[in-house]
Structure formats: structure tokens, C-alpha cells
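Source file: run_38.csv; contents: CSV, C-alpha atoms.
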```csv
chain,number,residue,atom,x,y,z
Z,928,MET,CA,7.6,-14.8,7.4
Z,929,ILE,CA,4.7,-15.7,9.7
Z,930,VAL,CA,1.5,-13.8,9.1
Z,931,LEU,CA,-1.4,-14.1,11.5
Z,932,ILE,CA,-4.8,-12.9,10.2
Z,933,SER,CA,-7.9,-12.5,12.3
Z,934,GLY,CA,-11.1,-12.7,10.2
Z,935,GLY,CA,-11.9,-15.1,7.4
Z,936,GLY,CA,-14.2,-12.9,5.4
Z,937,ARG,CA,-13.5,-12.3,1.7
Z,938,THR,CA,-10.7,-9.8,2.5
Z,939,GLY,CA,-9.0,-12.1,5.0
Z,940,THR,CA,-9.3,-15.2,2.8
Z,941,GLN,CA,-8.0,-13.4,-0.3
Z,942,LEU,CA,-5.1,-12.0,1.6
Z,943,ALA,CA,-4.3,-15.4,3.1
Z,944,THR,CA,-4.5,-17.1,-0.4
Z,945,LEU,CA,-2.1,-14.5,-1.9
Z,946,LEU,CA,0.4,-14.8,0.9
Z,947,ILE,CA,0.4,-18.6,0.8
Z,948,LEU,CA,1.1,-18.5,-2.9
Z,949,GLN,CA,4.2,-16.4,-2.0
Z,950,ASN,CA,5.3,-19.1,0.4
Z,951,HIS,CA,4.6,-17.3,3.6
Z,952,ASP,CA,3.5,-19.1,6.7
Z,953,VAL,CA,-0.1,-18.0,7.2
Z,954,ARG,CA,-2.4,-18.7,10.1
Z,955,LEU,CA,-6.0,-17.4,10.0
Z,956,ILE,CA,-8.4,-17.2,13.0
Z,957,GLU,CA,-12.2,-17.3,12.5
Z,958,TYR,CA,-15.1,-18.1,14.8
Z,959,ARG,CA,-18.2,-17.8,12.5
Z,960,SER,CA,-19.5,-21.2,11.6
Z,961,GLU,CA,-21.0,-20.1,8.3
Z,962,ILE,CA,-17.6,-18.9,7.2
Z,963,MET,CA,-15.6,-21.8,8.5
Z,964,THR,CA,-17.2,-24.1,6.0
Z,965,ARG,CA,-16.1,-21.9,3.1
Z,966,LEU,CA,-12.6,-21.5,4.5
Z,967,HIS,CA,-11.9,-25.2,4.5
Z,968,LYS,CA,-12.7,-25.2,0.7
Z,969,ASP,CA,-10.4,-22.1,0.0
Z,970,LEU,CA,-7.4,-22.6,2.3
Z,971,PRO,CA,-5.3,-25.5,3.6
Z,972,THR,CA,-6.7,-26.9,6.8
Z,973,GLU,CA,-3.4,-26.4,8.7
Z,974,ALA,CA,-3.7,-22.6,8.1
Z,975,ILE,CA,-7.2,-22.4,9.8
Z,976,TYR,CA,-7.7,-21.9,13.5
Z,977,GLU,CA,-11.2,-21.9,14.9
Z,978,GLY,CA,-12.0,-19.5,17.8
Z,979,TYR,CA,-12.3,-15.9,18.9
Z,980,PRO,CA,-9.3,-13.8,17.9
Z,981,THR,CA,-9.7,-11.8,21.2
Z,982,ASP,CA,-9.1,-15.0,23.2
Z,983,PRO,CA,-5.4,-15.3,24.2
Z,984,LYS,CA,-5.6,-19.1,24.2
Z,985,VAL,CA,-6.7,-19.1,20.5
Z,986,LEU,CA,-4.0,-16.5,19.6
Z,987,GLU,CA,-1.3,-18.6,21.2
Z,988,LEU,CA,-2.6,-21.8,19.6
Z,989,ALA,CA,-2.2,-20.0,16.2
Z,990,GLY,CA,1.3,-19.1,17.1
Z,991,ILE,CA,1.1,-15.3,17.7
Z,992,GLN,CA,4.3,-15.4,19.8
Z,993,GLN,CA,6.2,-16.1,16.6
Z,994,ALA,CA,4.2,-13.9,14.2
Z,995,ASN,CA,6.0,-11.2,12.2
Z,996,ILE,CA,2.8,-9.5,11.1
Z,997,PHE,CA,-0.7,-9.4,12.6
Z,998,VAL,CA,-3.6,-8.4,10.3
Z,999,ALA,CA,-7.0,-7.5,11.8
Z,1000,CYS,CA,-9.7,-8.1,9.2
Z,1001,MET,CA,-12.8,-8.7,11.4
Z,1002,PRO,CA,-16.1,-7.1,10.2
Z,1003,ASN,CA,-16.3,-4.7,13.1
Z,1004,ASP,CA,-13.8,-2.1,14.3
Z,1005,GLU,CA,-14.2,-3.0,18.0
Z,1006,GLU,CA,-12.8,-6.5,17.5
Z,1007,ASN,CA,-10.1,-5.2,15.2
Z,1008,LEU,CA,-8.9,-2.6,17.7
Z,1009,ALA,CA,-9.0,-5.1,20.6
Z,1010,THR,CA,-6.9,-7.7,18.7
Z,1011,CYS,CA,-4.4,-5.2,17.6
Z,1012,TYR,CA,-3.9,-4.0,21.2
Z,1013,LEU,CA,-3.5,-7.6,22.4
Z,1014,ALA,CA,-1.1,-8.5,19.6
Z,1015,ARG,CA,1.3,-5.7,20.6
Z,1016,THR,CA,1.0,-5.4,24.4
Z,1017,LEU,CA,0.8,-9.1,25.2
Z,1018,TYR,CA,2.8,-10.6,22.4
Z,1019,GLN,CA,5.0,-7.8,21.0
Z,1020,VAL,CA,4.2,-8.5,17.3
Z,1021,PRO,CA,6.5,-6.3,15.3
Z,1022,ARG,CA,4.1,-5.2,12.6
Z,1023,ILE,CA,0.3,-4.6,13.0
Z,1024,ILE,CA,-2.1,-3.9,10.2
Z,1025,ALA,CA,-5.9,-3.3,10.6
Z,1026,ARG,CA,-8.8,-2.7,8.3
Z,1027,VAL,CA,-11.1,0.2,9.1
Z,1028,ASN,CA,-14.8,-0.8,8.5
Z,1029,ASN,CA,-16.4,2.5,9.5
Z,1030,PRO,CA,-14.6,5.6,8.3
Z,1031,ARG,CA,-15.9,7.5,11.3
Z,1032,ASN,CA,-13.7,5.2,13.5
Z,1033,ALA,CA,-10.5,5.8,11.5
Z,1034,TRP,CA,-9.1,8.3,14.1
Z,1035,LEU,CA,-8.9,5.4,16.6
Z,1036,PHE,CA,-6.6,3.3,14.4
Z,1037,ASP,CA,-3.3,4.8,15.5
Z,1038,ASP,CA,-0.6,4.2,18.1
Z,1039,LYS,CA,-3.1,4.3,21.0
Z,1040,PHE,CA,-4.2,0.8,19.9
Z,1041,HIS,CA,-0.8,-0.1,18.4
Z,1042,VAL,CA,-1.9,0.0,14.8
Z,1043,ASP,CA,1.0,0.6,12.5
Z,1044,VAL,CA,-0.9,0.7,9.3
Z,1045,ALA,CA,-4.7,1.4,9.0
Z,1046,LEU,CA,-6.5,0.6,5.8
Z,1047,ASP,CA,-9.5,2.8,5.4
Z,1048,GLN,CA,-11.3,1.9,2.1
Z,1049,ALA,CA,-13.1,5.2,1.8
Z,1050,ASP,CA,-9.9,7.1,2.3
Z,1051,VAL,CA,-8.0,4.9,-0.1
Z,1052,PHE,CA,-10.6,5.4,-2.9
Z,1053,ALA,CA,-10.8,9.2,-2.2
Z,1054,SER,CA,-7.0,9.4,-2.5
Z,1055,LEU,CA,-6.8,7.4,-5.6
Z,1056,ILE,CA,-9.5,9.5,-7.3
Z,1057,GLU,CA,-7.8,12.7,-6.2
Z,1058,GLU,CA,-4.4,11.4,-7.5
Z,1059,GLU,CA,-5.8,10.3,-10.8
Z,1060,MET,CA,-7.5,13.7,-11.4
Z,1061,SER,CA,-4.4,15.7,-10.5
Z,1062,LEU,CA,-1.6,13.7,-12.1
Z,1063,GLY,CA,-3.0,13.2,-15.6
Z,1064,ASP,CA,-1.1,10.5,-17.5
Z,1065,MET,CA,1.4,9.9,-14.7
Z,1066,MET,CA,1.4,6.3,-13.4
Z,1067,THR,CA,2.0,5.3,-9.8
Z,1068,LEU,CA,4.2,2.2,-9.8
Z,1069,LEU,CA,4.8,1.8,-6.0
Z,1070,LYS,CA,3.8,3.4,-2.7
Z,1071,LEU,CA,6.6,4.1,-0.2
Z,1072,ARG,CA,6.6,5.0,3.5
Z,1073,ARG,CA,2.9,4.3,4.0
Z,1074,GLY,CA,2.0,6.2,0.8
Z,1075,GLU,CA,3.9,9.4,1.7
Z,1076,TYR,CA,6.1,8.9,-1.3
Z,1077,SER,CA,5.6,7.1,-4.6
Z,1078,LEU,CA,7.6,5.7,-7.5
Z,1079,VAL,CA,6.0,7.2,-10.5
Z,1080,GLU,CA,6.5,6.9,-14.3
Z,1081,GLU,CA,5.5,9.2,-17.2
Z,1082,LYS,CA,6.6,9.7,-20.7
Z,1083,VAL,CA,7.9,13.1,-22.0
Z,1084,PRO,CA,5.5,14.1,-24.8
Z,1085,ALA,CA,6.5,16.4,-27.6
Z,1086,GLY,CA,5.9,20.0,-26.5
Z,1087,ALA,CA,6.2,19.3,-22.8
Z,1088,LYS,CA,7.9,22.1,-20.8
Z,1089,ALA,CA,10.5,19.6,-19.7
Z,1090,ALA,CA,11.5,18.6,-23.2
Z,1091,GLY,CA,14.9,19.8,-24.2
Z,1092,VAL,CA,15.7,21.0,-20.6
Z,1093,ALA,CA,18.4,19.7,-18.3
Z,1094,ILE,CA,17.2,18.0,-15.1
Z,1095,LYS,CA,19.1,20.6,-13.0
Z,1096,ASP,CA,17.1,23.4,-14.6
Z,1097,LEU,CA,13.6,21.9,-14.0
Z,1098,SER,CA,13.3,23.6,-10.6
Z,1099,LEU,CA,11.9,20.5,-9.0
Z,1100,PRO,CA,11.4,20.4,-5.2
Z,1101,GLU,CA,13.8,18.5,-3.0
Z,1102,GLU,CA,11.1,15.8,-2.4
Z,1103,CYS,CA,11.1,14.9,-6.1
Z,1104,ILE,CA,14.1,13.0,-7.4
Z,1105,ILE,CA,14.4,11.7,-11.0
Z,1106,ALA,CA,15.8,8.2,-10.4
Z,1107,GLY,CA,15.9,7.0,-14.0
Z,1108,VAL,CA,15.3,7.8,-17.7
Z,1109,ILE,CA,14.4,5.1,-20.2
Z,1110,ARG,CA,15.4,6.1,-23.7
Z,1111,ASP,CA,15.1,3.9,-26.7
Z,1112,GLY,CA,14.7,0.9,-24.4
Z,1113,LYS,CA,17.8,1.6,-22.4
Z,1114,LEU,CA,18.0,2.8,-18.8
Z,1115,ILE,CA,20.0,6.0,-18.3
Z,1116,LEU,CA,21.2,6.9,-14.8
Z,1117,PRO,CA,20.3,10.6,-14.8
Z,1118,ARG,CA,22.7,13.5,-13.9
Z,1119,GLY,CA,21.9,17.1,-13.5
Z,1120,ILE,CA,23.2,17.8,-17.0
Z,1121,THR,CA,21.0,15.1,-18.6
Z,1122,ILE,CA,18.7,16.7,-21.1
Z,1123,LEU,CA,15.2,15.2,-21.3
Z,1124,GLU,CA,14.0,14.3,-24.8
Z,1125,PRO,CA,10.5,13.7,-26.2
Z,1126,GLY,CA,9.7,10.0,-25.8
Z,1127,ASP,CA,11.8,9.6,-22.7
Z,1128,GLU,CA,10.2,7.6,-19.9
Z,1129,ILE,CA,10.8,9.3,-16.6
Z,1130,LEU,CA,11.0,7.3,-13.3
Z,1131,ALA,CA,10.8,9.5,-10.2
Z,1132,ILE,CA,10.5,9.1,-6.4
Z,1133,THR,CA,8.4,11.9,-5.1
Z,1134,ASP,CA,5.8,13.1,-2.6
Z,1135,ARG,CA,2.4,14.2,-3.7
Z,1136,ARG,CA,3.3,17.9,-4.1
Z,1137,GLY,CA,6.4,17.0,-6.1
Z,1138,ALA,CA,4.4,14.6,-8.3
Z,1139,GLY,CA,2.0,17.5,-9.2
Z,1140,GLN,CA,4.8,19.7,-10.2
Z,1141,LEU,CA,6.5,17.0,-12.2
Z,1142,ALA,CA,3.2,16.2,-14.0
Z,1143,SER,CA,2.9,19.9,-14.9
Z,1144,LEU,CA,6.4,19.9,-16.5
Z,1145,LEU,CA,5.7,16.7,-18.4
Z,1146,ALA,CA,2.2,17.7,-19.7
Z,1147,SER,CA,1.9,18.4,-23.4
Z,1148,THR,CA,1.4,22.1,-24.0
Z,1149,THR,CA,-1.3,21.1,-26.5
Z,1150,GLU,CA,-3.5,19.3,-24.0
Z,1151,ASN,CA,-5.5,22.4,-22.9
Z,1152,GLN,CA,-5.9,23.7,-26.4
Z,1153,PRO,CA,-9.3,23.4,-28.1
```
Represent the supplied structure as C-alpha cells.
Amino acid sequence: MIVLISGGGRTGTQLATLLILQNHDVRLIEYRSEIMTRLHKDLPTEAIYEGYPTDPKVLELAGIQQANIFVACMPNDEENLATCYLARTLYQVPRIIARVNNPRNAWLFDDKFHVDVALDQADVFASLIEEEMSLGDMMTLLKLRRGEYSLVEEKVPAGAKAAGVAIKDLSLPEECIIAGVIRDGKLILPRGITILEPGDEILAITDRRGAGQLASLLASTTENQP
């Protein structure tokens, strides 16, 4: 997969390093001289392209015509939005990801500028804090569909409302599906009649509302006692 990154700051460099380790074809564009010196120490020379990412000649030299993903990691939102717009309208890059530097500009990072995924640090931190506070011991293993759904895992403690109850009787919403039960180190493919036991590890695919309901069913009834 060919990934083109605009911006060689710490975020862009770290992303490029990780993707190269995964054997992806990475090209990074940067124009700031003070950063170029560091880039040549951190990345292979053939992955670095010097120039302005808003310049079509530079984009084409870096091979944007063949890119599968374009990532905008410049330190200002104006350049990120401009490069995203160019990547899609001029070069039809299939997938475009952009970093939001100023949360006040987050509303601009949508289909108007052809941004498929916008990464807003402030919003990500707020969501993580809210999720951790609301889901207790439930662990999020994987985000799906831009974070709308998650693969979560939690153990059934003794005294939980769900302990000794068949899955079909848990009254879970349609958006919450128990995909697996790990019992005594073995994976059980659950059915409606599967009865949950204390110590079971539950794997579920769910949205945020369903995760909250599942967390309530799997919480120990002794947690809120003094």
C-alpha cells in the first residue's frame, strides 16, 4: 500500500516509521529546513520529498497519482485542508486522513474538503475519558467504522446481573452482539441459550449505548456497596 504523508513533524515522522516497519511504501513531503535535517536521520532518504505539499509538482514527484492513502499532518489546518482538497479533486486518492490542529476548525474537516477521517486530539481525549468513566472495567480492543462501533472485552464477575443468565434473556439492544465467550481458556461460540458464568470473558461488538448497558449487566453488584 502506498501512503503519502504531508508534514514531517513528530506525528508525521512517527506514522511514517511505523508504516515502513509494516512494509508499506511510504512517501513523506516536508519543506521546513530545520525538520529536513532530522528526517534524514529518522527515515530512509528515498521516503523523503522536499517541497511544499500544496504544490502539484511536488505531489506528483512523490507519486500521489498512485497513492492509496493521503495523510495531512501539517502544523496548520489551512495547509491540511488545502492538501486534502487537492488529493481528492486532482488525483482521486481513495482515502484521505487529516489531523485537526485547532479544535475550533474541526467542523471544516468533512466532505467539503474531501476529508474521510479527521483526527481531533481534543475530541479523542474527551471521548476516551468519557468512555473510561462510563464503562468501568470494560476494555476496548478495537474501534470499527470510525469509532461508531467497538470490539470490547470484559470478565463476568461473581454477583454480576448477567451471571447465570442465558444470552437471549439479557435484553441487550440490537446494536450489541456477544461475539464470543472465553471459558477456561477455550473460545465458545455463543448461542441464545448459552448461560454466562462467573469468570467468563465476554467479547462483544457494540455501539456506545450498547456498551453502557452491557457494562451495567457485567458489573459486580458489590461495587457500589460501602
Shell of 8 Å around stretch 1082-1093 of chain Z, all atoms listed in the file, local chain residues under 3 positions omitted, as a compact mmCIF listing (two decimals) with C-alpha atoms, in the coordinates of the input:
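Printed below is around_22.txt as written:
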```txt
# COMPACT_ATOMS: atom_id res chain seq x y z
CA MET Z 1065 1.40 9.90 -14.70
CA ASP Z 1096 17.10 23.40 -14.60
CA LEU Z 1097 13.60 21.90 -14.00
CA GLY Z 1119 21.90 17.10 -13.50
CA ILE Z 1120 23.20 17.80 -17.00
CA THR Z 1121 21.00 15.10 -18.60
CA ILE Z 1122 18.70 16.70 -21.10
CA LEU Z 1123 15.20 15.20 -21.30
CA GLU Z 1124 14.00 14.30 -24.80
CA PRO Z 1125 10.50 13.70 -26.20
CA GLY Z 1126 9.70 10.00 -25.80
CA ASP Z 1127 11.80 9.60 -22.70
CA GLU Z 1128 10.20 7.60 -19.90
CA ILE Z 1129 10.80 9.30 -16.60
CA LEU Z 1144 6.40 19.90 -16.50
CA LEU Z 1145 5.70 16.70 -18.40
CA ALA Z 1146 2.20 17.70 -19.70
CA SER Z 1147 1.90 18.40 -23.40
CA THR Z 1148 1.40 22.10 -24.00
CA THR Z 1149 -1.30 21.10 -26.50
```
> Z:Tyr1012: which residues within 9 Å, counting only C-alpha atoms, same-chain residues fewer than 6 positions away excluded, as a list in words?
Replying inline: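 Near Z:Tyr1012, the qualifying residues are Lys1039, Phe1040, His1041 and Val1042 of chain Z.
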Between Z:Leu1099, Z:Ile1105, Z:Arg1022, Z:Thr1133, single out the one closest to Z:Thr1067, counting all atoms listed in the file.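 Of the candidates, the smallest distance to Z:Thr1067 is held by Z:Thr1133.
One finds atom CA of Z:Val1044 at 19.1 Å from atom CA of Z:Thr940.
Taking atom CA of Z:Val1027 as the reference point, atom CA of Z:Ile962 is found at 20.3 Å.
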*Between Z:Gln949, Z:Thr964, Z:Ser1143, Z:Thr1016, which one has atoms that come closest to Z:Ile991, using all atoms listed in the file?*
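Comparing Z:Gln949, Z:Thr964, Z:Ser1143, Z:Thr1016 against Z:Ile991, the winner is Z:Thr1016.
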Using 6 Å of padding on each side, determine the axis-aligned box around all atoms of stretch 1001-1008 of chain Z present in the file and give its centre and edge lengths in Å to one decimal, as AutoDock Vina command-line options.
```
--center_x -12.6 --center_y -5.4 --center_z 14.1 --size_x 19.4 --size_y 18.6 --size_z 19.8
```
Point to revise | Proximity to Z:Arg1015 - best of Z:Ile1094, Z:Ala1033, Z:Val985, Z:Asp1043, only C-alpha atoms | key: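 Under the stated criterion, the closest residue is Z:Asp1043.
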**Report entry** Closest of Z:Cys1011, Z:Leu1141, Z:Leu945, Z:Leu1114 to Z:Thr981 - atom-to-atom distances counting all atoms listed in the file
**Finding:**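 Result for the nearest residue to Z:Thr981: Z:Cys1011.
Take atom CA of Z:Asn1007 and atom CA of Z:Ala1025: the distance between them is 6.5 Å.
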Margin query: List the spatial neighbours of Z:Leu1078 as a ChimeraX atom specification - criterion: any atom at most 8 Å away, only C-alpha atoms, same-chain residues fewer than 5 positions off excluded.
Written below: /Z:1067-1071,1130-1133
Now that the selection is made, can you save its residues with C-alpha atoms as an mmCIF file, in the coordinates of the input?
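This is the output file again.cif:
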```
data_model
loop_
_atom_site.group_PDB
_atom_site.id
_atom_site.type_symbol
_atom_site.label_atom_id
_atom_site.label_comp_id
_atom_site.auth_asym_id
_atom_site.auth_seq_id
_atom_site.Cartn_x
_atom_site.Cartn_y
_atom_site.Cartn_z
ATOM 1 C CA THR Z 1067 2.000 5.300 -9.800
ATOM 2 C CA LEU Z 1068 4.200 2.200 -9.800
ATOM 3 C CA LEU Z 1069 4.800 1.800 -6.000
ATOM 4 C CA LYS Z 1070 3.800 3.400 -2.700
ATOM 5 C CA LEU Z 1071 6.600 4.100 -0.200
ATOM 6 C CA LEU Z 1130 11.000 7.300 -13.300
ATOM 7 C CA ALA Z 1131 10.800 9.500 -10.200
ATOM 8 C CA ILE Z 1132 10.500 9.100 -6.400
ATOM 9 C CA THR Z 1133 8.400 11.900 -5.100
#
```
If you count only C-alpha atoms, the residue of Z:Met963, Z:Ile1115, Z:Ile929, Z:Leu970 closest to Z:Ala943 turns out to be Z:Leu970
**Residues within 9 Å of (-6.0, -11.0, 8.2), file coords, all atoms listed in the file, listed as a list in words** = Val930, Leu931, Ile932, Ser933, Gly934, Gly935, Gly936, Thr938, Gly939, Thr940, Leu942, Ala943, Arg954, Leu955, Ile956, Phe997, Val998, Ala999, Cys1000, Met1001, Ile1024, Ala1025 and Arg1026 of chain Z
